>>> print(open('data.csv').read())   # CSV, C-alpha atoms and all ligand atoms
chain,number,residue,atom,x,y,z
B,1,MET,CA,77.5,-10.5,-69.4
B,2,GLU,CA,79.9,-7.9,-68.4
B,3,ILE,CA,80.8,-6.8,-64.9
B,4,VAL,CA,82.9,-3.8,-63.9
B,5,ILE,CA,85.1,-3.8,-60.8
B,6,ILE,CA,85.0,-0.6,-58.9
B,7,GLY,CA,86.4,0.7,-55.6
B,8,LEU,CA,88.9,3.0,-54.0
B,9,PRO,CA,92.5,2.9,-55.1
B,10,GLN,CA,94.5,0.2,-53.4
B,11,SER,CA,91.4,-1.7,-52.3
B,12,GLY,CA,92.5,-4.8,-54.2
B,13,LYS,CA,90.5,-4.5,-57.4
B,14,SER,CA,93.3,-5.7,-59.6
B,15,CYS,CA,94.0,-8.7,-57.3
B,16,LEU,CA,90.3,-9.5,-57.5
B,17,PHE,CA,90.5,-9.3,-61.3
B,18,ASP,CA,93.5,-11.6,-61.4
B,19,ALA,CA,91.7,-14.1,-59.1
B,20,LEU,CA,88.7,-14.1,-61.5
B,21,THR,CA,90.7,-14.3,-64.8
B,22,GLN,CA,93.8,-16.1,-63.7
B,23,GLY,CA,95.7,-12.9,-64.5
B,24,VAL,CA,94.9,-13.2,-68.2
B,25,SER,CA,93.6,-10.0,-69.8
B,26,ALA,CA,93.4,-8.0,-72.9
B,27,SER,CA,93.9,-4.2,-72.5
B,28,SER,CA,91.3,-2.1,-74.2
B,29,GLY,CA,90.3,1.5,-74.6
B,30,ILE,CA,86.6,0.4,-74.8
B,31,GLY,CA,85.6,2.8,-72.1
B,32,ASN,CA,85.6,5.9,-74.2
B,33,GLY,CA,89.3,6.3,-74.1
B,34,ILE,CA,89.9,5.0,-70.6
B,35,GLU,CA,92.3,2.1,-70.8
B,36,MET,CA,91.2,-0.9,-68.8
B,37,ARG,CA,91.9,-4.6,-68.5
B,38,ILE,CA,89.3,-7.0,-69.7
B,39,GLY,CA,89.3,-10.7,-68.8
B,40,THR,CA,87.0,-13.7,-68.7
B,41,ALA,CA,86.1,-16.0,-65.8
B,42,LYS,CA,84.9,-19.5,-66.6
B,43,VAL,CA,81.7,-20.7,-64.9
B,44,PRO,CA,82.3,-24.0,-63.2
B,45,ASP,CA,79.7,-26.6,-64.3
B,46,TYR,CA,80.0,-30.2,-63.4
B,47,ARG,CA,77.3,-31.1,-65.9
B,48,LEU,CA,79.7,-30.4,-68.8
B,49,ASP,CA,82.1,-33.2,-67.7
B,50,GLU,CA,79.3,-35.7,-67.3
B,51,LEU,CA,78.0,-34.8,-70.8
B,52,ALA,CA,81.5,-35.0,-72.2
B,53,ASN,CA,81.6,-38.6,-71.0
B,54,ILE,CA,78.7,-39.4,-73.4
B,55,TYR,CA,79.8,-37.3,-76.4
B,56,ASN,CA,83.6,-37.4,-76.2
B,57,PRO,CA,83.6,-33.9,-77.8
B,58,GLN,CA,86.7,-32.2,-79.3
B,59,LYS,CA,86.0,-29.2,-77.0
B,60,ILE,CA,84.4,-28.5,-73.7
B,61,ILE,CA,83.4,-24.9,-73.5
B,62,GLN,CA,82.4,-23.4,-70.2
B,63,ALA,CA,80.1,-20.4,-69.9
B,64,GLU,CA,82.0,-17.2,-69.5
B,65,ILE,CA,81.5,-13.9,-67.7
B,66,LYS,CA,83.6,-10.9,-68.6
B,67,TYR,CA,85.1,-8.7,-65.9
B,68,TRP,CA,86.5,-5.2,-66.4
B,69,ASP,CA,89.3,-3.6,-64.4
B,70,PRO,CA,89.2,0.2,-65.1
B,71,PRO,CA,91.3,2.7,-63.1
B,72,GLY,CA,89.8,3.3,-59.6
B,73,MET,CA,87.5,5.9,-58.3
B,74,GLU,CA,90.0,8.6,-57.5
B,75,SER,CA,89.2,10.0,-54.2
B,76,GLY,CA,85.9,8.6,-53.0
B,77,VAL,CA,85.7,11.6,-50.8
B,78,SER,CA,83.8,14.0,-52.9
B,79,THR,CA,80.3,13.1,-53.9
B,80,GLU,CA,80.9,14.0,-57.5
B,81,GLN,CA,83.3,11.3,-58.5
B,82,VAL,CA,81.2,9.0,-60.6
B,83,SER,CA,80.8,11.1,-63.7
B,84,GLY,CA,81.9,11.6,-67.3
B,85,ARG,CA,83.7,8.8,-69.0
B,86,TYR,CA,84.0,6.7,-65.8
B,87,ARG,CA,80.3,6.8,-65.4
B,88,ASN,CA,79.9,5.7,-69.0
B,89,ILE,CA,81.9,2.6,-68.3
B,90,LEU,CA,79.7,1.8,-65.3
B,91,GLN,CA,76.6,2.4,-67.2
B,92,SER,CA,77.5,0.0,-70.0
B,93,ALA,CA,78.2,-2.9,-67.5
B,94,ASP,CA,75.5,-5.4,-66.5
B,95,ALA,CA,76.5,-5.3,-62.8
B,96,LEU,CA,78.9,-3.6,-60.5
B,97,LEU,CA,81.4,-5.5,-58.4
B,98,VAL,CA,82.5,-3.2,-55.6
B,99,CYS,CA,85.8,-4.1,-53.9
B,100,ILE,CA,86.1,-2.8,-50.4
B,101,ARG,CA,89.3,-2.9,-48.4
B,102,ALA,CA,88.8,-4.8,-45.2
B,103,PHE,CA,92.4,-6.0,-44.7
B,104,GLU,CA,94.9,-4.3,-42.4
B,105,SER,CA,98.4,-3.7,-43.6
B,106,PRO,CA,101.0,-1.3,-42.3
B,107,TYR,CA,102.6,-1.2,-45.8
B,108,ILE,CA,99.6,-0.1,-47.8
B,109,PRO,CA,98.3,3.2,-46.9
B,110,HIS,CA,94.5,3.8,-47.0
B,111,ILE,CA,93.4,6.9,-48.9
B,112,LYS,CA,91.3,7.9,-45.9
B,113,GLY,CA,93.9,7.1,-43.3
B,114,THR,CA,92.0,4.2,-41.6
B,115,VAL,CA,90.5,0.9,-42.7
B,116,ASP,CA,86.8,1.1,-42.3
B,117,PRO,CA,84.8,-1.1,-44.7
B,118,VAL,CA,81.3,0.2,-43.6
B,119,ARG,CA,82.4,3.8,-44.2
B,120,ASP,CA,83.8,2.9,-47.6
B,121,ILE,CA,80.9,0.9,-48.9
B,122,ASN,CA,78.4,3.6,-47.8
B,123,THR,CA,80.5,6.3,-49.5
B,124,ILE,CA,80.5,4.4,-52.7
B,125,LEU,CA,76.8,3.7,-52.6
B,126,GLU,CA,76.2,7.4,-51.9
B,127,GLU,CA,78.3,8.3,-54.9
B,128,LEU,CA,76.3,5.9,-57.1
B,129,MET,CA,73.1,7.5,-55.8
B,130,TYR,CA,74.5,11.0,-56.4
B,131,SER,CA,75.5,10.0,-60.0
B,132,ASP,CA,71.9,8.7,-60.6
B,133,LEU,CA,70.5,11.9,-59.2
B,134,GLU,CA,72.6,14.0,-61.6
B,135,MET,CA,71.4,11.8,-64.5
B,136,ALA,CA,67.8,12.2,-63.5
B,137,GLU,CA,68.2,16.0,-63.2
B,138,ASN,CA,69.8,16.2,-66.6
B,139,ALA,CA,67.1,14.1,-68.1
B,140,ILE,CA,64.4,16.3,-66.6
B,141,THR,CA,66.0,19.4,-68.2
B,142,ARG,CA,66.3,17.6,-71.6
B,143,LEU,CA,62.8,16.3,-71.5
B,144,SER,CA,61.5,19.9,-70.7
B,145,ASP,CA,63.2,21.1,-73.9
B,146,SER,CA,61.7,18.2,-75.8
B,147,ILE,CA,58.2,19.0,-74.6
B,148,LYS,CA,58.6,22.6,-75.9
B,149,LYS,CA,59.6,21.3,-79.3
B,150,ALA,CA,57.3,18.3,-79.4
B,151,LYS,CA,54.5,17.8,-81.9
B,152,PRO,CA,51.1,17.7,-80.2
B,153,GLU,CA,50.7,14.0,-80.6
B,154,GLU,CA,54.1,13.3,-79.0
B,155,ARG,CA,53.7,15.7,-76.1
B,156,GLN,CA,51.7,13.4,-73.7
B,157,SER,CA,54.2,10.6,-73.9
B,158,ILE,CA,57.2,12.9,-73.2
B,159,GLU,CA,55.3,14.5,-70.3
B,160,ARG,CA,54.7,11.0,-68.8
B,161,GLN,CA,58.4,10.3,-69.1
B,162,GLN,CA,59.2,13.5,-67.3
B,163,GLU,CA,56.8,12.7,-64.6
B,164,THR,CA,58.5,9.4,-64.1
B,165,MET,CA,61.9,11.0,-64.1
B,166,MET,CA,60.8,13.5,-61.4
B,167,GLN,CA,59.6,10.5,-59.3
B,168,ILE,CA,63.0,9.0,-59.7
B,169,LYS,CA,64.7,12.2,-58.6
B,170,ASP,CA,62.4,12.5,-55.5
B,171,GLY,CA,63.0,8.8,-54.7
B,172,ILE,CA,66.8,9.1,-54.9
B,173,GLU,CA,66.7,12.3,-52.7
B,174,LYS,CA,64.9,10.2,-50.1
B,175,GLY,CA,67.7,7.6,-50.4
B,176,ASP,CA,65.9,5.0,-52.5
B,177,PRO,CA,68.0,3.2,-55.2
B,178,VAL,CA,66.3,3.4,-58.7
B,179,LEU,CA,65.7,-0.4,-58.7
B,180,SER,CA,63.4,-0.1,-55.6
B,181,LEU,CA,61.3,2.6,-57.4
B,182,MET,CA,60.8,0.6,-60.6
B,183,SER,CA,57.7,-1.3,-59.5
B,184,SER,CA,55.7,1.9,-59.1
B,185,PHE,CA,56.1,3.0,-62.7
B,186,SER,CA,53.8,1.9,-65.5
B,187,ASP,CA,56.2,2.6,-68.4
B,188,VAL,CA,59.7,1.5,-67.6
B,189,ASN,CA,60.8,0.7,-71.2
B,190,PHE,CA,62.1,4.1,-71.9
B,191,LEU,CA,64.3,4.0,-68.8
B,192,SER,CA,66.5,1.4,-70.3
B,193,ASN,CA,68.0,4.3,-72.3
B,194,TYR,CA,69.3,5.8,-69.1
B,195,GLN,CA,71.2,3.0,-67.4
B,196,PHE,CA,70.9,4.2,-63.8
B,197,LEU,CA,73.7,2.7,-61.7
B,198,THR,CA,71.5,1.9,-58.7
B,199,ASN,CA,69.2,0.0,-61.0
B,200,LYS,CA,72.0,-2.6,-61.5
B,201,PRO,CA,72.9,-5.6,-59.3
B,202,ILE,CA,75.7,-4.7,-57.0
B,203,ILE,CA,78.1,-7.4,-55.6
B,204,VAL,CA,80.2,-6.2,-52.7
B,205,VAL,CA,83.4,-8.0,-52.0
B,206,TYR,CA,85.1,-7.3,-48.7
B,207,ASN,CA,88.8,-7.8,-49.3
B,208,ILE,CA,90.2,-9.5,-46.2
B,209,ASN,CA,93.5,-11.1,-45.2
B,210,GLU,CA,93.3,-14.9,-45.5
B,211,SER,CA,93.9,-15.2,-41.8
B,212,ASP,CA,91.0,-12.9,-40.9
B,213,PRO,CA,87.6,-14.4,-40.1
B,214,SER,CA,85.1,-14.2,-42.9
B,215,ILE,CA,82.8,-11.3,-42.6
B,216,SER,CA,80.4,-12.5,-45.2
B,217,SER,CA,77.7,-13.3,-42.7
B,218,ILE,CA,77.6,-9.8,-41.4
B,219,ASN,CA,75.0,-7.9,-43.3
B,220,LYS,CA,76.7,-4.6,-43.3
B,221,ILE,CA,74.4,-2.6,-45.5
B,222,GLN,CA,70.9,-3.0,-44.1
B,223,SER,CA,69.7,0.3,-45.4
B,224,TYR,CA,70.2,-0.3,-49.1
B,225,SER,CA,67.0,-1.5,-50.8
B,226,GLY,CA,68.5,-2.3,-54.2
B,227,ASN,CA,69.9,-5.6,-55.5
B,228,LEU,CA,73.0,-6.1,-53.4
B,229,ILE,CA,75.0,-9.2,-52.4
B,230,GLU,CA,77.8,-9.2,-49.9
B,231,ILE,CA,80.7,-11.7,-49.7
B,232,SER,CA,84.3,-11.6,-48.3
B,233,ILE,CA,87.4,-12.8,-50.0
B,234,PRO,CA,91.1,-12.7,-49.5
B,235,ALA,CA,91.8,-11.1,-52.9
B,236,ARG,CA,95.6,-11.1,-52.9
B,237,THR,CA,95.9,-14.7,-51.8
B,238,GLU,CA,93.2,-15.7,-54.2
B,239,SER,CA,95.0,-14.0,-57.1
B,240,GLU,CA,98.2,-15.9,-56.3
B,241,LEU,CA,96.3,-19.2,-56.0
B,242,ALA,CA,94.5,-18.6,-59.3
B,243,GLN,CA,97.8,-18.3,-61.1
B,244,MET,CA,99.3,-21.5,-59.8
B,245,PRO,CA,99.4,-24.9,-61.6
B,246,GLU,CA,96.2,-26.8,-60.7
B,247,GLU,CA,97.8,-29.4,-58.4
B,248,GLU,CA,99.8,-26.9,-56.5
B,249,GLU,CA,96.7,-24.7,-56.1
B,250,LYS,CA,94.7,-27.6,-54.7
B,251,GLU,CA,97.4,-28.3,-52.1
B,252,PHE,CA,97.7,-24.7,-51.0
B,253,ARG,CA,93.9,-24.3,-50.8
B,254,GLU,CA,93.6,-27.3,-48.5
B,255,ASP,CA,96.4,-25.9,-46.3
B,256,LEU,CA,94.8,-22.5,-46.1
B,257,GLY,CA,91.2,-23.9,-45.8
B,258,LEU,CA,90.1,-21.8,-48.8
B,259,THR,CA,88.1,-24.6,-50.3
B,260,GLU,CA,85.7,-22.6,-52.5
B,261,SER,CA,87.7,-20.3,-54.8
B,262,ALA,CA,87.0,-16.6,-55.0
B,263,CYS,CA,86.3,-17.0,-58.6
B,264,ASP,CA,83.6,-19.6,-57.9
B,265,GLN,CA,82.1,-17.5,-55.1
B,266,ILE,CA,82.0,-14.3,-57.2
B,267,ILE,CA,80.5,-16.2,-60.2
B,268,GLN,CA,77.8,-17.6,-58.0
B,269,ALA,CA,77.0,-14.1,-56.7
B,270,THR,CA,77.1,-12.8,-60.3
B,271,TYR,CA,74.6,-15.5,-61.4
B,272,LYS,CA,72.4,-14.7,-58.4
B,273,GLY,CA,72.6,-10.9,-58.8
B,274,LEU,CA,71.8,-11.0,-62.5
B,275,SER,CA,69.3,-13.9,-62.2
B,276,LEU,CA,71.4,-16.0,-64.7
B,277,ILE,CA,71.1,-19.6,-65.6
B,278,SER,CA,73.0,-21.8,-68.0
B,279,PHE,CA,71.6,-23.9,-70.8
B,280,LEU,CA,73.7,-26.5,-72.6
B,281,THR,CA,74.4,-27.6,-76.2
B,282,VAL,CA,75.9,-31.0,-77.0
B,283,GLY,CA,77.6,-32.7,-80.0
B,284,GLU,CA,80.7,-34.5,-81.0
B,285,ASP,CA,82.4,-31.2,-81.9
B,286,GLU,CA,81.6,-29.4,-78.6
B,287,VAL,CA,79.8,-29.6,-75.3
B,288,ARG,CA,79.0,-26.1,-74.2
B,289,ALA,CA,77.3,-24.0,-71.5
B,290,TRP,CA,75.7,-20.6,-72.3
B,291,PRO,CA,74.8,-18.0,-69.7
B,292,ILE,CA,71.4,-16.3,-70.2
B,293,LYS,CA,68.9,-14.4,-68.1
B,294,SER,CA,66.5,-16.7,-66.3
B,295,SER,CA,63.6,-14.8,-68.0
B,296,PHE,CA,64.7,-15.7,-71.5
B,297,ASN,CA,62.4,-17.5,-73.9
B,298,ALA,CA,63.6,-20.0,-76.4
B,299,PRO,CA,64.4,-17.4,-79.3
B,300,GLU,CA,66.2,-15.2,-76.9
B,301,ALA,CA,68.3,-18.1,-75.7
B,302,ALA,CA,69.0,-19.0,-79.3
B,303,GLY,CA,70.2,-15.3,-79.7
B,304,ALA,CA,72.9,-16.0,-77.1
B,305,ILE,CA,74.5,-18.4,-79.7
B,306,HIS,CA,74.0,-16.1,-82.7
B,307,THR,CA,71.9,-12.9,-82.9
B,308,ASP,CA,70.5,-14.1,-86.3
B,309,PHE,CA,69.0,-17.1,-84.6
B,310,ILE,CA,66.4,-14.9,-82.9
B,311,LYS,CA,64.8,-14.1,-86.2
B,312,GLY,CA,65.3,-17.5,-87.7
B,313,PHE,CA,64.0,-19.4,-84.7
B,314,VAL,CA,61.7,-22.3,-85.7
B,315,LYS,CA,61.6,-24.5,-82.6
B,316,ALA,CA,63.7,-25.9,-79.8
B,317,GLU,CA,64.2,-29.5,-79.0
B,318,VAL,CA,64.7,-29.6,-75.3
B,319,VAL,CA,65.9,-32.5,-73.0
B,320,SER,CA,66.6,-32.0,-69.3
B,321,TYR,CA,70.2,-32.8,-68.2
B,322,GLU,CA,69.0,-35.6,-66.0
B,323,ASN,CA,67.1,-37.3,-68.8
B,324,LEU,CA,70.0,-37.1,-71.2
B,325,LEU,CA,72.3,-38.6,-68.6
B,326,LYS,CA,69.7,-41.4,-68.0
B,327,CYS,CA,69.2,-42.1,-71.7
B,328,LYS,CA,72.8,-41.6,-72.8
B,329,SER,CA,71.9,-40.5,-76.3
B,330,TRP,CA,69.7,-37.9,-78.0
B,331,ALA,CA,68.0,-40.6,-80.0
B,332,GLN,CA,67.1,-42.6,-76.9
B,333,THR,CA,65.4,-39.5,-75.3
B,334,LYS,CA,63.3,-39.2,-78.4
B,335,LYS,CA,62.3,-42.9,-78.2
B,336,GLU,CA,61.3,-42.5,-74.6
B,337,GLY,CA,59.3,-39.3,-75.3
B,338,LEU,CA,61.7,-37.2,-73.2
B,339,CYS,CA,62.7,-34.8,-76.0
B,340,LYS,CA,60.2,-32.0,-76.0
B,341,SER,CA,59.5,-29.7,-78.9
B,342,GLU,CA,59.1,-26.2,-77.7
B,343,GLY,CA,58.0,-23.0,-79.4
B,344,LYS,CA,58.7,-19.2,-79.1
B,345,THR,CA,57.1,-18.8,-75.7
B,346,TYR,CA,59.0,-21.5,-73.9
B,347,ILE,CA,61.0,-20.1,-70.9
B,348,VAL,CA,64.4,-21.8,-70.9
B,349,GLN,CA,65.3,-23.6,-67.6
B,350,ASP,CA,68.7,-24.1,-66.0
B,351,GLY,CA,70.3,-27.2,-67.3
B,352,ASP,CA,68.1,-27.5,-70.4
B,353,ILE,CA,70.0,-29.2,-73.2
B,354,ILE,CA,68.8,-27.6,-76.4
B,355,ASN,CA,69.0,-28.3,-80.1
B,356,PHE,CA,67.7,-25.2,-81.9
B,357,LEU,CA,66.0,-25.5,-85.3
B,358,ILE,CA,66.8,-22.4,-87.2
B,359,ASN,CA,65.6,-21.2,-90.6
B,360,GLN,CA,68.6,-19.5,-92.1
B,401,LIG,N1,97.8,-7.7,-47.0
B,401,LIG,C1,97.0,-7.7,-48.1
B,401,LIG,N2,97.3,-6.9,-49.1
B,401,LIG,C2,96.5,-6.9,-50.2
B,401,LIG,C3,95.3,-7.6,-50.2
B,401,LIG,N3,94.7,-7.4,-51.4
B,401,LIG,C4,95.5,-6.5,-52.1
B,401,LIG,N4,96.6,-6.2,-51.3
B,401,LIG,C5,97.7,-5.3,-51.7
B,401,LIG,O1,97.1,-4.0,-51.9
B,401,LIG,C6,97.8,-3.3,-52.9
B,401,LIG,C7,96.7,-2.8,-53.9
B,401,LIG,O2,96.1,-3.9,-54.5
B,401,LIG,P1,95.5,-3.8,-56.0
B,401,LIG,O3,94.8,-5.0,-56.3
B,401,LIG,O4,96.5,-3.3,-57.0
B,401,LIG,O5,94.5,-2.6,-55.7
B,401,LIG,P2,93.7,-1.7,-56.7
B,401,LIG,O6,94.4,-0.4,-56.7
B,401,LIG,O7,92.3,-1.6,-56.1
B,401,LIG,O8,93.7,-2.3,-58.1
B,401,LIG,C8,98.8,-4.3,-53.6
B,401,LIG,O9,100.0,-4.1,-53.0
B,401,LIG,C9,98.2,-5.7,-53.1
B,401,LIG,O10,99.2,-6.6,-53.0
B,401,LIG,C10,95.0,-8.4,-49.1
B,401,LIG,O11,93.9,-9.1,-49.0
B,401,LIG,N5,95.8,-8.4,-48.0
B,402,MG,MG,94.2,-1.7,-60.0
>>> encode(input="data.csv", output="structure tokens")
Amino acid sequence: MEIVIIGLPQSGKSCLFDALTQGVSASSGIGNGIEMRIGTAKVPDYRLDELANIYNPQKIIQAEIKYWDPPGMESGVSTEQVSGRYRNILQSADALLVCIRAFESPYIPHIKGTVDPVRDINTILEELMYSDLEMAENAITRLSDSIKKAKPEERQSIERQQETMMQIKDGIEKGDPVLSLMSSFSDVNFLSNYQFLTNKPIIVVYNINESDPSISSINKIQSYSGNLIEISIPARTESELAQMPEEEEKEFREDLGLTESACDQIIQATYKGLSLISFLTVGEDEVRAWPIKSSFNAPEAAGAIHTDFIKGFVKAEVVSYENLLKCKSWAQTKKEGLCKSEGKTYIVQDGDIINFLINQ
């Protein structure tokens, strides 16, 4: 899972990135030539420690989410900002994390002169919508060309795609995010080629000063009908805390009353926005958590470990976390009939401990 951090310059994106990744990053030109920082956040999971008590593994490996920190949206004033290579980066991410400045500081000028979180989030959402509109318009033009060149047997299907694309254009013009339109289309498979931005989960982080009252409970964006989650976080303080030794961090957190770290809160929002769960694997070499979509069946979950496992999937032995903790060994879960053998259609549940049988 890969999440891109977006927002106006000086809104605190890089602080947020450091808070998530403890400042550890690799630089990459992955975004079609745009240099950006890439880092991973580790998903907290108390179950791993409990399982490690049983297995004494050499390694405990937490689930990981990747975050990207590309250069910011340059002005945020014009409605034509999200385009070209920058849009390509956003398109290839699974979700967007929008950083909105909500902190006052006389030392850091705001590109628009004043601090106004509601104005800024609405501007950015408008820009995402505008970008999707442009994509829909381009698609309509391209599909028109294809219809002209199409073989008779292909024509109908392309015409249907064009019809859908026109509905998307109309919807966006009325202010509807693409996600809210999806349920009215019969064929949405071809749409995955387009990667509309307002079809993605959006996590809005209001960047506050640590002394400001949290504004997370204020639902600022009532008019947006896509998948949107709002939280507030003091990004600069959190980036400093994340880079401290553990003991020191704990002390400071208690003093500041920032008990739940920004990283944990954002990961929670990411899991919710993307409908993620974790399944677990155990053994003496490693105890590990894997993030997957909650809709994944057993072969798809196996594919999270290795893509070849999808094809080679034979069956999954599944034990619930609670049952393994109770039985204290895999063999004992089998004796008690608590280890279930599941096939291709089984939908993996959060906390399932799985042993995949693969035909290699
Ligand atoms: N006072 C205050 N300053 C912040 C906060 N978050 C970020 N900053 C400062 O704002 C400036 C821009 O932050 P940065 O993370 O680089 O923003 P970016 O341009 O969006 O990546 C830096 O000087 C940060 O130290 C905050 O919550 N409070
Ligand atoms: Mg930055």
>>> atom_distance(input="data.csv", atom1="CA of Met73 (chain B)", atom2="atom O11 of ligand LIG 401 (chain B)")
18.8 Å
>>> closest_residue(input="data.csv", among="B:Cys263, B:Cys99, B:Leu48, B:Ile353", to="ligand MG 402 (chain B)", atoms="only C-alpha atoms and all ligand atoms")
B:Cys99
>>> residues_near_point(input="data.csv", point="(63.7, -27.0, -72.1)", cutoff="7 Å", atoms="all atoms listed in the file", output="list in words")
Val318, Val319, Ser320, Val348, Gln349, Asp352, Ile353 and Ile354 of chain B
>>> residues_around(input="data.csv", residues="Ala304 (chain B)", least_positions_apart="6", cutoff="8 Å", atoms="only C-alpha atoms", output="PyMOL selection string")
chain B and resi 290-292
>>> atom_distance(input="data.csv", atom1="CA of Asp170 (chain B)", atom2="CA of Ile147 (chain B)")
20.6 Å
>>> residues_near_ligand(input="data.csv", ligand="ligand LIG 401 (chain B)", cutoff="7 Å", atoms="all atoms listed in the file", output="PDB file with C-alpha atoms, in the coordinates of the input")
ATOM      1  CA  GLY B   7      86.400   0.700 -55.600  1.00  0.00           C
ATOM      2  CA  LEU B   8      88.900   3.000 -54.000  1.00  0.00           C
ATOM      3  CA  PRO B   9      92.500   2.900 -55.100  1.00  0.00           C
ATOM      4  CA  GLN B  10      94.500   0.200 -53.400  1.00  0.00           C
ATOM      5  CA  SER B  11      91.400  -1.700 -52.300  1.00  0.00           C
ATOM      6  CA  GLY B  12      92.500  -4.800 -54.200  1.00  0.00           C
ATOM      7  CA  LYS B  13      90.500  -4.500 -57.400  1.00  0.00           C
ATOM      8  CA  SER B  14      93.300  -5.700 -59.600  1.00  0.00           C
ATOM      9  CA  CYS B  15      94.000  -8.700 -57.300  1.00  0.00           C
ATOM     10  CA  LEU B  16      90.300  -9.500 -57.500  1.00  0.00           C
ATOM     11  CA  GLY B  72      89.800   3.300 -59.600  1.00  0.00           C
ATOM     12  CA  PHE B 103      92.400  -6.000 -44.700  1.00  0.00           C
ATOM     13  CA  GLU B 104      94.900  -4.300 -42.400  1.00  0.00           C
ATOM     14  CA  SER B 105      98.400  -3.700 -43.600  1.00  0.00           C
ATOM     15  CA  ILE B 108      99.600  -0.100 -47.800  1.00  0.00           C
ATOM     16  CA  ASN B 207      88.800  -7.800 -49.300  1.00  0.00           C
ATOM     17  CA  ILE B 208      90.200  -9.500 -46.200  1.00  0.00           C
ATOM     18  CA  ASN B 209      93.500 -11.100 -45.200  1.00  0.00           C
ATOM     19  CA  GLU B 210      93.300 -14.900 -45.500  1.00  0.00           C
ATOM     20  CA  PRO B 234      91.100 -12.700 -49.500  1.00  0.00           C
ATOM     21  CA  ALA B 235      91.800 -11.100 -52.900  1.00  0.00           C
ATOM     22  CA  ARG B 236      95.600 -11.100 -52.900  1.00  0.00           C
ATOM     23  CA  THR B 237      95.900 -14.700 -51.800  1.00  0.00           C
TER      24      THR B 237
END
>>> atom_distance(input="data.csv", atom1="CA of Met129 (chain B)", atom2="CA of Asp176 (chain B)")
8.3 Å
>>> closest_residue(input="data.csv", among="B:Arg101, B:Leu241, B:Ala301, B:Asn189", to="Thr21 (chain B)", atoms="all atoms listed in the file")
B:Leu241
>>> closest_residue(input="data.csv", among="B:Met135, B:Val43, B:Ile231, B:Leu181", to="Tyr194 (chain B)", atoms="only C-alpha atoms")
B:Met135
>>> residues_near_point(input="data.csv", point="(91.4, -18.8, -50.9)", cutoff="12 Å", atoms="all atoms listed in the file", output="MDAnalysis selection string")
chainID B and resid 16 19:20 207:212 214 232:242 249:265
>>> closest_residue(input="data.csv", among="B:Ala316, B:Leu357, B:Ala139, B:Val178", to="Gln161 (chain B)", atoms="all atoms listed in the file")
B:Ala139
>>> closest_residue(input="data.csv", among="B:Phe279, B:Tyr321, B:Tyr271, B:Phe309", to="Cys339 (chain B)", atoms="all atoms listed in the file")
B:Tyr321
>>> closest_residue(input="data.csv", among="B:Ala289, B:Ile111, B:Ile5, B:Ile267", to="ligand MG 402 (chain B)", atoms="all atoms listed in the file")
B:Ile5
>>> build_atoms(input="data.csv", residues="region 120-128 of chain B", atoms="N, CA, C and O atoms", output="PDB file, in the coordinates of the input")
ATOM      1  N   ASP B 120      83.475   2.939 -46.190  1.00  0.00           N
ATOM      2  CA  ASP B 120      83.800   2.900 -47.600  1.00  0.00           C
ATOM      3  C   ASP B 120      82.635   2.480 -48.491  1.00  0.00           C
ATOM      4  O   ASP B 120      82.355   3.084 -49.524  1.00  0.00           O
ATOM      5  N   ILE B 121      81.956   1.412 -48.071  1.00  0.00           N
ATOM      6  CA  ILE B 121      80.900   0.900 -48.900  1.00  0.00           C
ATOM      7  C   ILE B 121      79.727   1.975 -48.930  1.00  0.00           C
ATOM      8  O   ILE B 121      79.112   2.247 -49.960  1.00  0.00           O
ATOM      9  N   ASN B 122      79.493   2.586 -47.776  1.00  0.00           N
ATOM     10  CA  ASN B 122      78.400   3.600 -47.800  1.00  0.00           C
ATOM     11  C   ASN B 122      78.802   4.806 -48.619  1.00  0.00           C
ATOM     12  O   ASN B 122      77.953   5.356 -49.307  1.00  0.00           O
ATOM     13  N   THR B 123      80.078   5.189 -48.603  1.00  0.00           N
ATOM     14  CA  THR B 123      80.500   6.300 -49.500  1.00  0.00           C
ATOM     15  C   THR B 123      80.273   5.972 -50.924  1.00  0.00           C
ATOM     16  O   THR B 123      79.760   6.784 -51.686  1.00  0.00           O
ATOM     17  N   ILE B 124      80.662   4.766 -51.303  1.00  0.00           N
ATOM     18  CA  ILE B 124      80.500   4.400 -52.700  1.00  0.00           C
ATOM     19  C   ILE B 124      79.043   4.333 -53.125  1.00  0.00           C
ATOM     20  O   ILE B 124      78.658   4.826 -54.173  1.00  0.00           O
ATOM     21  N   LEU B 125      78.218   3.748 -52.256  1.00  0.00           N
ATOM     22  CA  LEU B 125      76.800   3.700 -52.600  1.00  0.00           C
ATOM     23  C   LEU B 125      76.216   5.112 -52.708  1.00  0.00           C
ATOM     24  O   LEU B 125      75.419   5.395 -53.603  1.00  0.00           O
ATOM     25  N   GLU B 126      76.666   6.012 -51.825  1.00  0.00           N
ATOM     26  CA  GLU B 126      76.200   7.400 -51.900  1.00  0.00           C
ATOM     27  C   GLU B 126      76.642   8.026 -53.250  1.00  0.00           C
ATOM     28  O   GLU B 126      75.895   8.777 -53.866  1.00  0.00           O
ATOM     29  N   GLU B 127      77.848   7.714 -53.666  1.00  0.00           N
ATOM     30  CA  GLU B 127      78.300   8.300 -54.900  1.00  0.00           C
ATOM     31  C   GLU B 127      77.527   7.755 -56.111  1.00  0.00           C
ATOM     32  O   GLU B 127      77.242   8.490 -57.058  1.00  0.00           O
ATOM     33  N   LEU B 128      77.152   6.470 -56.055  1.00  0.00           N
ATOM     34  CA  LEU B 128      76.300   5.900 -57.100  1.00  0.00           C
ATOM     35  C   LEU B 128      74.963   6.607 -57.149  1.00  0.00           C
ATOM     36  O   LEU B 128      74.433   6.963 -58.206  1.00  0.00           O
TER      37      LEU B 128
END
